[in-house]
Number of protein chains: 2
Amino acid sequence: MLYKPGLHILAKLGKCNNQKIKSALQIKPIIDTFIANNQLCNLGEVYHQFSEAGFTAIICLSESHLSIHTWPEHDIVNFDIYLSNQEKVNNNTAKSFFETIVSYFEATVINSQFIER
Amino acid sequence: MLYKPGLHILAKLGKCNNQKIKSALQIKPIIDTFIANNQLCNLGEVYHQFSEAGFTAIICLSESHLSIHTWPEHDIVNFDIYLSNQEKVNNNTAKSFFETIVSYFEATVINSQFIER
(Lines give C-alpha, C1' and ligand atoms only; values in the text may rest on other atoms or scores of the structure.)
Protein backbone atom coordinates (compact mmCIF):
# COMPACT_ATOMS: atom_id res chain seq x y z
CA MET A 1 0.00 0.00 0.00
CA LEU A 2 1.43 3.36 -1.03
CA TYR A 3 2.13 6.01 1.60
CA LYS A 4 -0.77 8.46 1.71
CA PRO A 5 0.07 11.89 3.14
CA GLY A 6 -1.97 13.01 6.13
CA LEU A 7 -3.33 16.47 6.85
CA HIS A 8 -1.52 18.60 9.44
CA ILE A 9 -3.35 21.77 10.51
CA LEU A 10 -1.31 24.38 12.38
CA ALA A 11 -3.08 27.46 13.70
CA LYS A 12 -2.79 30.43 15.98
CA LEU A 13 -5.96 31.51 17.79
CA GLY A 14 -6.73 34.78 19.56
CA LYS A 15 -9.57 36.57 21.36
CA CYS A 16 -10.09 33.40 23.43
CA ASN A 17 -12.43 32.90 26.36
CA ASN A 18 -10.22 34.06 29.21
CA GLN A 19 -11.17 31.21 31.55
CA LYS A 20 -10.99 28.34 29.07
CA ILE A 21 -7.52 29.36 27.87
CA LYS A 22 -6.21 28.80 31.42
CA SER A 23 -7.57 25.35 32.25
CA ALA A 24 -6.19 22.00 31.11
CA LEU A 25 -8.82 20.26 33.24
CA GLN A 26 -11.69 21.99 31.46
CA ILE A 27 -10.64 21.08 27.90
CA LYS A 28 -9.90 17.41 28.55
CA PRO A 29 -13.52 16.12 28.25
CA ILE A 30 -13.92 18.06 24.98
CA ILE A 31 -10.89 16.30 23.53
CA ASP A 32 -11.83 12.89 24.96
CA THR A 33 -15.34 13.14 23.54
CA PHE A 34 -14.08 14.15 20.10
CA ILE A 35 -11.62 11.25 20.03
CA ALA A 36 -14.32 8.77 21.07
CA ASN A 37 -16.95 10.11 18.64
CA ASN A 38 -14.56 10.01 15.70
CA GLN A 39 -13.10 6.55 16.28
CA LEU A 40 -9.59 7.89 16.84
CA CYS A 41 -7.27 5.92 19.11
CA ASN A 42 -5.57 7.64 22.07
CA LEU A 43 -2.22 5.94 22.74
CA GLY A 44 -1.21 8.22 25.61
CA GLU A 45 -1.40 11.86 26.61
CA VAL A 46 0.22 14.63 28.59
CA TYR A 47 -1.78 17.48 30.13
CA HIS A 48 0.40 20.01 31.89
CA GLN A 49 -1.02 22.95 33.82
CA PHE A 50 1.57 25.70 34.21
CA SER A 51 1.43 27.27 37.67
CA GLU A 52 1.71 30.84 36.42
CA ALA A 53 -0.82 30.51 33.56
CA GLY A 54 -1.81 28.42 30.60
CA PHE A 55 -1.46 24.76 29.78
CA THR A 56 -0.15 22.28 27.25
CA ALA A 57 -2.09 19.26 26.06
CA ILE A 58 -0.49 16.66 23.82
CA ILE A 59 -2.34 13.55 22.73
CA CYS A 60 -0.56 10.74 20.92
CA LEU A 61 -2.94 9.02 18.51
CA SER A 62 -2.46 5.90 16.45
CA GLU A 63 -3.33 8.33 13.61
CA SER A 64 -0.50 10.76 14.69
CA HIS A 65 -1.02 13.51 17.27
CA LEU A 66 -2.60 16.71 18.42
CA SER A 67 -1.18 19.49 20.56
CA ILE A 68 -2.49 22.64 22.21
CA HIS A 69 -0.24 25.24 23.86
CA THR A 70 -2.01 28.18 25.51
CA TRP A 71 -0.60 31.59 26.45
CA PRO A 72 -3.26 33.45 28.45
CA GLU A 73 -0.83 36.32 29.09
CA HIS A 74 -0.76 36.92 25.32
CA ASP A 75 -4.29 35.66 24.53
CA ILE A 76 -2.79 33.13 22.11
CA VAL A 77 -3.40 29.41 21.53
CA ASN A 78 -1.05 27.45 19.29
CA PHE A 79 -2.87 24.46 17.89
CA ASP A 80 -1.81 21.41 15.85
CA ILE A 81 -3.63 18.36 14.61
CA TYR A 82 -1.96 15.85 12.35
CA LEU A 83 -3.95 12.81 11.23
CA SER A 84 -2.72 10.02 9.00
CA ASN A 85 -4.82 9.02 6.01
CA GLN A 86 -3.27 5.57 5.84
CA GLU A 87 -6.06 3.39 7.25
CA LYS A 88 -8.89 5.74 6.30
CA VAL A 89 -9.15 9.32 5.04
CA ASN A 90 -9.18 11.61 8.10
CA ASN A 91 -9.01 15.06 6.49
CA ASN A 92 -12.56 15.98 7.47
CA THR A 93 -11.96 14.73 11.00
CA ALA A 94 -8.89 16.98 11.30
CA LYS A 95 -10.88 19.97 10.02
CA SER A 96 -13.76 19.14 12.34
CA PHE A 97 -11.43 18.95 15.35
CA PHE A 98 -9.95 22.31 14.42
CA GLU A 99 -13.46 23.82 14.27
CA THR A 100 -14.32 22.18 17.60
CA ILE A 101 -11.31 23.77 19.29
CA VAL A 102 -11.91 27.23 17.77
CA SER A 103 -15.50 27.00 18.91
CA TYR A 104 -14.54 25.75 22.38
CA PHE A 105 -12.20 28.69 22.98
CA GLU A 106 -14.78 31.07 21.37
CA ALA A 107 -11.71 32.22 19.45
CA THR A 108 -10.70 34.05 16.30
CA VAL A 109 -8.28 32.29 13.93
CA ILE A 110 -5.27 34.61 13.59
CA ASN A 111 -3.64 32.33 11.04
CA SER A 112 -3.73 28.71 9.92
CA GLN A 113 -1.84 26.39 7.60
CA PHE A 114 -3.07 23.16 6.07
CA ILE A 115 -0.11 20.94 5.15
CA GLU A 116 -0.31 17.53 3.48
CA ARG A 117 2.57 15.44 4.66
CA MET B 1 6.76 40.77 27.61
CA LEU B 2 5.68 40.52 23.98
CA TYR B 3 4.88 37.12 22.50
CA LYS B 4 7.93 35.87 20.58
CA PRO B 5 7.17 33.27 17.90
CA GLY B 6 8.96 29.95 18.23
CA LEU B 7 10.48 27.85 15.46
CA HIS B 8 8.55 24.76 14.30
CA ILE B 9 10.49 22.42 12.01
CA LEU B 10 8.44 19.83 10.10
CA ALA B 11 10.29 17.29 7.97
CA LYS B 12 9.96 14.06 6.07
CA LEU B 13 12.99 11.76 6.12
CA GLY B 14 13.79 8.80 3.88
CA LYS B 15 16.55 6.26 3.22
CA CYS B 16 16.63 5.56 6.96
CA ASN B 17 18.62 2.91 8.79
CA ASN B 18 16.21 -0.02 8.58
CA GLN B 19 16.69 -1.12 12.19
CA LYS B 20 16.58 2.30 13.86
CA ILE B 21 13.35 3.24 12.10
CA LYS B 22 11.64 0.29 13.83
CA SER B 23 12.65 0.79 17.45
CA ALA B 24 11.18 3.25 19.97
CA LEU B 25 13.43 1.77 22.65
CA GLN B 26 16.57 2.52 20.67
CA ILE B 27 15.85 6.21 20.03
CA LYS B 28 14.79 7.11 23.58
CA PRO B 29 18.31 7.64 25.02
CA ILE B 30 19.20 9.84 22.03
CA ILE B 31 16.22 12.09 22.78
CA ASP B 32 16.77 12.04 26.55
CA THR B 33 20.42 13.00 26.14
CA PHE B 34 19.59 15.83 23.77
CA ILE B 35 16.97 17.21 26.16
CA ALA B 36 19.36 17.04 29.12
CA ASN B 37 22.32 18.55 27.24
CA ASN B 38 20.24 21.46 25.94
CA GLN B 39 18.49 22.36 29.20
CA LEU B 40 15.05 21.58 27.80
CA CYS B 41 12.36 20.43 30.24
CA ASN B 42 10.49 17.15 29.60
CA LEU B 43 6.97 17.44 31.08
CA GLY B 44 5.83 13.99 29.97
CA GLU B 45 6.18 11.64 27.03
CA VAL B 46 4.55 8.84 25.08
CA TYR B 47 6.58 6.18 23.26
CA HIS B 48 4.40 3.72 21.38
CA GLN B 49 5.82 0.70 19.58
CA PHE B 50 3.41 -0.55 16.92
CA SER B 51 3.29 -4.32 16.81
CA GLU B 52 3.40 -4.54 13.02
CA ALA B 53 6.18 -1.96 12.49
CA GLY B 54 7.31 1.50 13.40
CA PHE B 55 6.81 3.69 16.41
CA THR B 56 5.61 7.08 17.59
CA ALA B 57 7.44 9.21 20.12
CA ILE B 58 5.90 12.39 21.48
CA ILE B 59 7.63 14.48 24.12
CA CYS B 60 5.85 17.36 25.81
CA LEU B 61 8.35 20.07 26.71
CA SER B 62 7.86 23.22 28.74
CA GLU B 63 9.21 24.81 25.52
CA SER B 64 6.45 23.09 23.41
CA HIS B 65 6.89 19.60 21.91
CA LEU B 66 8.56 17.17 19.56
CA SER B 67 7.12 14.23 17.69
CA ILE B 68 8.47 11.40 15.57
CA HIS B 69 6.24 9.03 13.58
CA THR B 70 8.02 6.24 11.70
CA TRP B 71 6.76 4.17 8.76
CA PRO B 72 9.33 1.41 8.11
CA GLU B 73 7.05 -0.13 5.47
CA HIS B 74 7.43 3.10 3.47
CA ASP B 75 10.92 4.07 4.70
CA ILE B 76 9.51 7.38 5.94
CA VAL B 77 9.91 9.31 9.19
CA ASN B 78 7.67 12.30 9.89
CA PHE B 79 9.42 14.63 12.29
CA ASP B 80 8.37 17.77 14.21
CA ILE B 81 10.09 19.96 16.71
CA TYR B 82 8.50 23.14 17.98
CA LEU B 83 10.37 25.22 20.57
CA SER B 84 9.20 28.44 22.14
CA ASN B 85 11.54 31.41 22.14
CA GLN B 86 9.78 33.04 25.07
CA GLU B 87 12.23 32.38 27.91
CA LYS B 88 15.30 32.14 25.68
CA VAL B 89 15.93 31.88 21.95
CA ASN B 90 15.80 28.19 21.02
CA ASN B 91 16.04 28.34 17.22
CA ASN B 92 19.53 26.84 17.11
CA THR B 93 18.48 24.13 19.55
CA ALA B 94 15.57 23.18 17.28
CA LYS B 95 17.89 23.04 14.25
CA SER B 96 20.44 21.04 16.21
CA PHE B 97 17.81 18.52 17.29
CA PHE B 98 16.66 18.17 13.69
CA GLU B 99 20.27 17.47 12.62
CA THR B 100 20.66 15.00 15.49
CA ILE B 101 17.61 13.03 14.37
CA VAL B 102 18.59 13.05 10.67
CA SER B 103 22.04 11.83 11.66
CA TYR B 104 20.62 9.20 14.05
CA PHE B 105 18.44 7.66 11.34
CA GLU B 106 21.33 8.03 8.81
CA ALA B 107 18.56 9.55 6.69
CA THR B 108 18.02 11.81 3.72
CA VAL B 109 15.76 14.84 4.16
CA ILE B 110 12.96 14.46 1.59
CA ASN B 111 11.46 17.82 2.53
CA SER B 112 11.40 20.24 5.43
CA GLN B 113 9.62 23.41 6.48
CA PHE B 114 10.77 25.99 9.00
CA ILE B 115 7.78 27.89 10.38
CA GLU B 116 7.91 30.74 12.88
CA ARG B 117 4.77 30.70 14.96
# chains A, B, ... in the order shown; residues from 1 in each chain; ligands from 1
$ residues_around --residues "region 49-63 of chain B" --least-positions-apart "4" --cutoff "8 Å" --atoms "only C-alpha atoms" --output "list in words"
Val46, Thr56, Ile58, Cys60 and Ser64 of chain A; Ile21, Lys22, Ser23, Ala24, Leu40, Cys41, Asn42, Leu43, Gly44, Glu45, Ser67, Ile68, His69, Thr70, Trp71, Pro72, Glu73, Tyr82, Leu83, Ser84 and Asn85 of chain B
$ select_by_dssp --residues "region 35-75 of chain B" --states "strand (DSSP E)" --output "VMD selection string"
chain B and resid 42 to 49 55 to 61 64 to 71
$ write_last_selection --atoms "N, CA and C atoms" --output "CSV table (one decimal), in the first residue's frame"
chain,number,residue,atom,x,y,z
B,42,ASN,N,11.5,18.2,30.0
B,42,ASN,CA,10.5,17.2,29.6
B,42,ASN,C,9.4,17.1,30.6
B,43,LEU,N,8.1,17.4,30.2
B,43,LEU,CA,7.0,17.4,31.1
B,43,LEU,C,6.2,16.1,31.1
B,44,GLY,N,6.6,15.3,30.1
B,44,GLY,CA,5.8,14.0,30.0
B,44,GLY,C,6.0,13.5,28.6
B,45,GLU,N,5.9,12.2,28.3
B,45,GLU,CA,6.2,11.6,27.0
B,45,GLU,C,5.4,10.4,26.8
B,46,VAL,N,5.2,10.1,25.5
B,46,VAL,CA,4.5,8.8,25.1
B,46,VAL,C,5.4,8.2,24.0
B,47,TYR,N,5.9,7.0,24.3
B,47,TYR,CA,6.6,6.2,23.3
B,47,TYR,C,5.7,5.0,23.0
B,48,HIS,N,5.3,4.8,21.7
B,48,HIS,CA,4.4,3.7,21.4
B,48,HIS,C,5.0,2.9,20.3
B,49,GLN,N,5.3,1.6,20.6
B,49,GLN,CA,5.8,0.7,19.6
B,49,GLN,C,4.7,0.0,18.9
B,55,PHE,N,7.1,3.2,15.1
B,55,PHE,CA,6.8,3.7,16.4
B,55,PHE,C,6.4,5.2,16.3
B,56,THR,N,5.9,5.7,17.4
B,56,THR,CA,5.6,7.1,17.6
B,56,THR,C,6.2,7.5,18.9
B,57,ALA,N,6.9,8.6,18.9
B,57,ALA,CA,7.4,9.2,20.1
B,57,ALA,C,7.0,10.7,20.2
B,58,ILE,N,6.4,11.0,21.3
B,58,ILE,CA,5.9,12.4,21.5
B,58,ILE,C,6.4,12.9,22.8
B,59,ILE,N,7.1,13.9,22.9
B,59,ILE,CA,7.6,14.5,24.1
B,59,ILE,C,7.1,15.9,24.3
B,60,CYS,N,6.4,16.1,25.4
B,60,CYS,CA,5.8,17.4,25.8
B,60,CYS,C,6.9,18.1,26.6
B,61,LEU,N,7.3,19.3,26.1
B,61,LEU,CA,8.4,20.1,26.7
B,61,LEU,C,7.7,21.3,27.3
B,64,SER,N,7.5,23.5,24.4
B,64,SER,CA,6.4,23.1,23.4
B,64,SER,C,6.5,21.6,23.2
B,65,HIS,N,6.9,21.0,22.1
B,65,HIS,CA,6.9,19.6,21.9
B,65,HIS,C,7.8,19.1,20.8
B,66,LEU,N,8.0,17.8,20.7
B,66,LEU,CA,8.6,17.2,19.6
B,66,LEU,C,7.8,15.9,19.3
B,67,SER,N,7.8,15.5,18.0
B,67,SER,CA,7.1,14.2,17.7
B,67,SER,C,7.9,13.5,16.5
B,68,ILE,N,7.9,12.2,16.6
B,68,ILE,CA,8.5,11.4,15.6
B,68,ILE,C,7.5,10.2,15.3
B,69,HIS,N,7.1,10.1,14.0
B,69,HIS,CA,6.2,9.0,13.6
B,69,HIS,C,7.0,8.3,12.5
B,70,THR,N,7.2,7.0,12.7
B,70,THR,CA,8.0,6.2,11.7
B,70,THR,C,7.2,5.2,10.9
B,71,TRP,N,7.5,5.1,9.7
B,71,TRP,CA,6.8,4.2,8.8
B,71,TRP,C,7.8,3.3,8.1
$ atom_distance --atom1 "CA of Asp80 (chain A)" --atom2 "CA of Ile81 (chain B)"
12.0 Å
$ closest_residue --among "B:Asn92, B:Asn17, B:Gln26, B:Gln86" --to "chain A" --atoms "only C-alpha atoms"
B:Gln86
$ atom_distance --atom1 "CA of Val77 (chain A)" --atom2 "CA of Leu13 (chain A)"
5.0 Å
$ residues_around --residues "Lys15 (chain A)" --least-positions-apart "4" --cutoff "7 Å" --atoms "only C-alpha atoms" --output "JSON, numbers by chain"
{"A": [75, 107, 108]}
$ write_last_selection --atoms "all heavy atoms" --output "mmCIF file, in the first residue's frame"
data_model
loop_
_atom_site.group_PDB
_atom_site.id
_atom_site.type_symbol
_atom_site.label_atom_id
_atom_site.label_comp_id
_atom_site.auth_asym_id
_atom_site.auth_seq_id
_atom_site.Cartn_x
_atom_site.Cartn_y
_atom_site.Cartn_z
ATOM 1 N N ASP A 75 -3.026 36.014 25.194
ATOM 2 C CA ASP A 75 -4.286 35.660 24.528
ATOM 3 C C ASP A 75 -4.021 34.921 23.210
ATOM 4 O O ASP A 75 -4.572 35.254 22.163
ATOM 5 C CB ASP A 75 -5.158 36.889 24.304
ATOM 6 C CG ASP A 75 -6.566 36.528 23.829
ATOM 7 O OD1 ASP A 75 -6.950 35.347 23.972
ATOM 8 O OD2 ASP A 75 -7.260 37.405 23.290
ATOM 9 N N ALA A 107 -12.896 31.494 19.913
ATOM 10 C CA ALA A 107 -11.713 32.224 19.452
ATOM 11 C C ALA A 107 -11.830 32.703 18.019
ATOM 12 O O ALA A 107 -12.698 32.280 17.251
ATOM 13 C CB ALA A 107 -10.487 31.308 19.579
ATOM 14 N N THR A 108 -10.910 33.595 17.671
ATOM 15 C CA THR A 108 -10.699 34.045 16.299
ATOM 16 C C THR A 108 -9.433 33.356 15.782
ATOM 17 O O THR A 108 -8.449 33.247 16.522
ATOM 18 C CB THR A 108 -10.480 35.574 16.291
ATOM 19 O OG1 THR A 108 -11.669 36.191 16.772
ATOM 20 C CG2 THR A 108 -10.162 36.090 14.905
#
$ closest_residue --among "B:Val102, B:Ile35, B:Val89, B:Ile76" --to "chain A" --atoms "only C-alpha atoms"
B:Ile76
$ select_by_dssp --residues "region 54-100 of chain B" --states "alpha helix (DSSP H)" --output "VMD selection string"
chain B and resid 91 to 100
$ closest_residue --among "A:Arg117, A:Thr100, A:Ile110, A:Lys88" --to "Ile27 (chain A)" --atoms "only C-alpha atoms"
A:Thr100
$ decode --residues "region 52-66 of chain A" --atoms "N, CA and C atoms" --output "mmCIF file, in the first residue's frame"
data_model
loop_
_atom_site.group_PDB
_atom_site.id
_atom_site.type_symbol
_atom_site.label_atom_id
_atom_site.label_comp_id
_atom_site.auth_asym_id
_atom_site.auth_seq_id
_atom_site.Cartn_x
_atom_site.Cartn_y
_atom_site.Cartn_z
ATOM 1 N N GLU A 52 1.938 29.405 36.618
ATOM 2 C CA GLU A 52 1.713 30.844 36.418
ATOM 3 C C GLU A 52 0.470 31.089 35.556
ATOM 4 N N ALA A 53 0.334 30.301 34.458
ATOM 5 C CA ALA A 53 -0.817 30.507 33.558
ATOM 6 C C ALA A 53 -0.688 29.545 32.388
ATOM 7 N N GLY A 54 -1.836 29.194 31.829
ATOM 8 C CA GLY A 54 -1.806 28.425 30.595
ATOM 9 C C GLY A 54 -1.549 26.948 30.806
ATOM 10 N N PHE A 55 -1.660 26.209 29.718
ATOM 11 C CA PHE A 55 -1.458 24.758 29.775
ATOM 12 C C PHE A 55 -0.990 24.248 28.424
ATOM 13 N N THR A 56 -0.492 23.015 28.459
ATOM 14 C CA THR A 56 -0.152 22.276 27.254
ATOM 15 C C THR A 56 -0.882 20.946 27.313
ATOM 16 N N ALA A 57 -1.466 20.577 26.178
ATOM 17 C CA ALA A 57 -2.095 19.255 26.056
ATOM 18 C C ALA A 57 -1.539 18.602 24.802
ATOM 19 N N ILE A 58 -1.009 17.393 24.969
ATOM 20 C CA ILE A 58 -0.492 16.655 23.819
ATOM 21 C C ILE A 58 -1.088 15.263 23.864
ATOM 22 N N ILE A 59 -1.740 14.873 22.789
ATOM 23 C CA ILE A 59 -2.342 13.545 22.732
ATOM 24 C C ILE A 59 -1.712 12.774 21.579
ATOM 25 N N CYS A 60 -1.150 11.624 21.923
ATOM 26 C CA CYS A 60 -0.556 10.741 20.924
ATOM 27 C C CYS A 60 -1.667 9.819 20.421
ATOM 28 N N LEU A 61 -1.890 9.840 19.123
ATOM 29 C CA LEU A 61 -2.935 9.023 18.508
ATOM 30 C C LEU A 61 -2.299 7.956 17.626
ATOM 31 N N SER A 62 -2.996 6.850 17.433
ATOM 32 C CA SER A 62 -2.456 5.897 16.452
ATOM 33 C C SER A 62 -2.457 6.548 15.074
ATOM 34 N N GLU A 63 -3.273 7.597 14.887
ATOM 35 C CA GLU A 63 -3.335 8.334 13.614
ATOM 36 C C GLU A 63 -2.318 9.482 13.546
ATOM 37 N N SER A 64 -1.585 9.774 14.576
ATOM 38 C CA SER A 64 -0.498 10.762 14.687
ATOM 39 C C SER A 64 -0.629 11.521 16.005
ATOM 40 N N HIS A 65 -0.979 12.809 15.988
ATOM 41 C CA HIS A 65 -1.022 13.514 17.272
ATOM 42 C C HIS A 65 -1.790 14.820 17.173
ATOM 43 N N LEU A 66 -2.092 15.348 18.346
ATOM 44 C CA LEU A 66 -2.600 16.708 18.420
ATOM 45 C C LEU A 66 -1.957 17.415 19.599
#
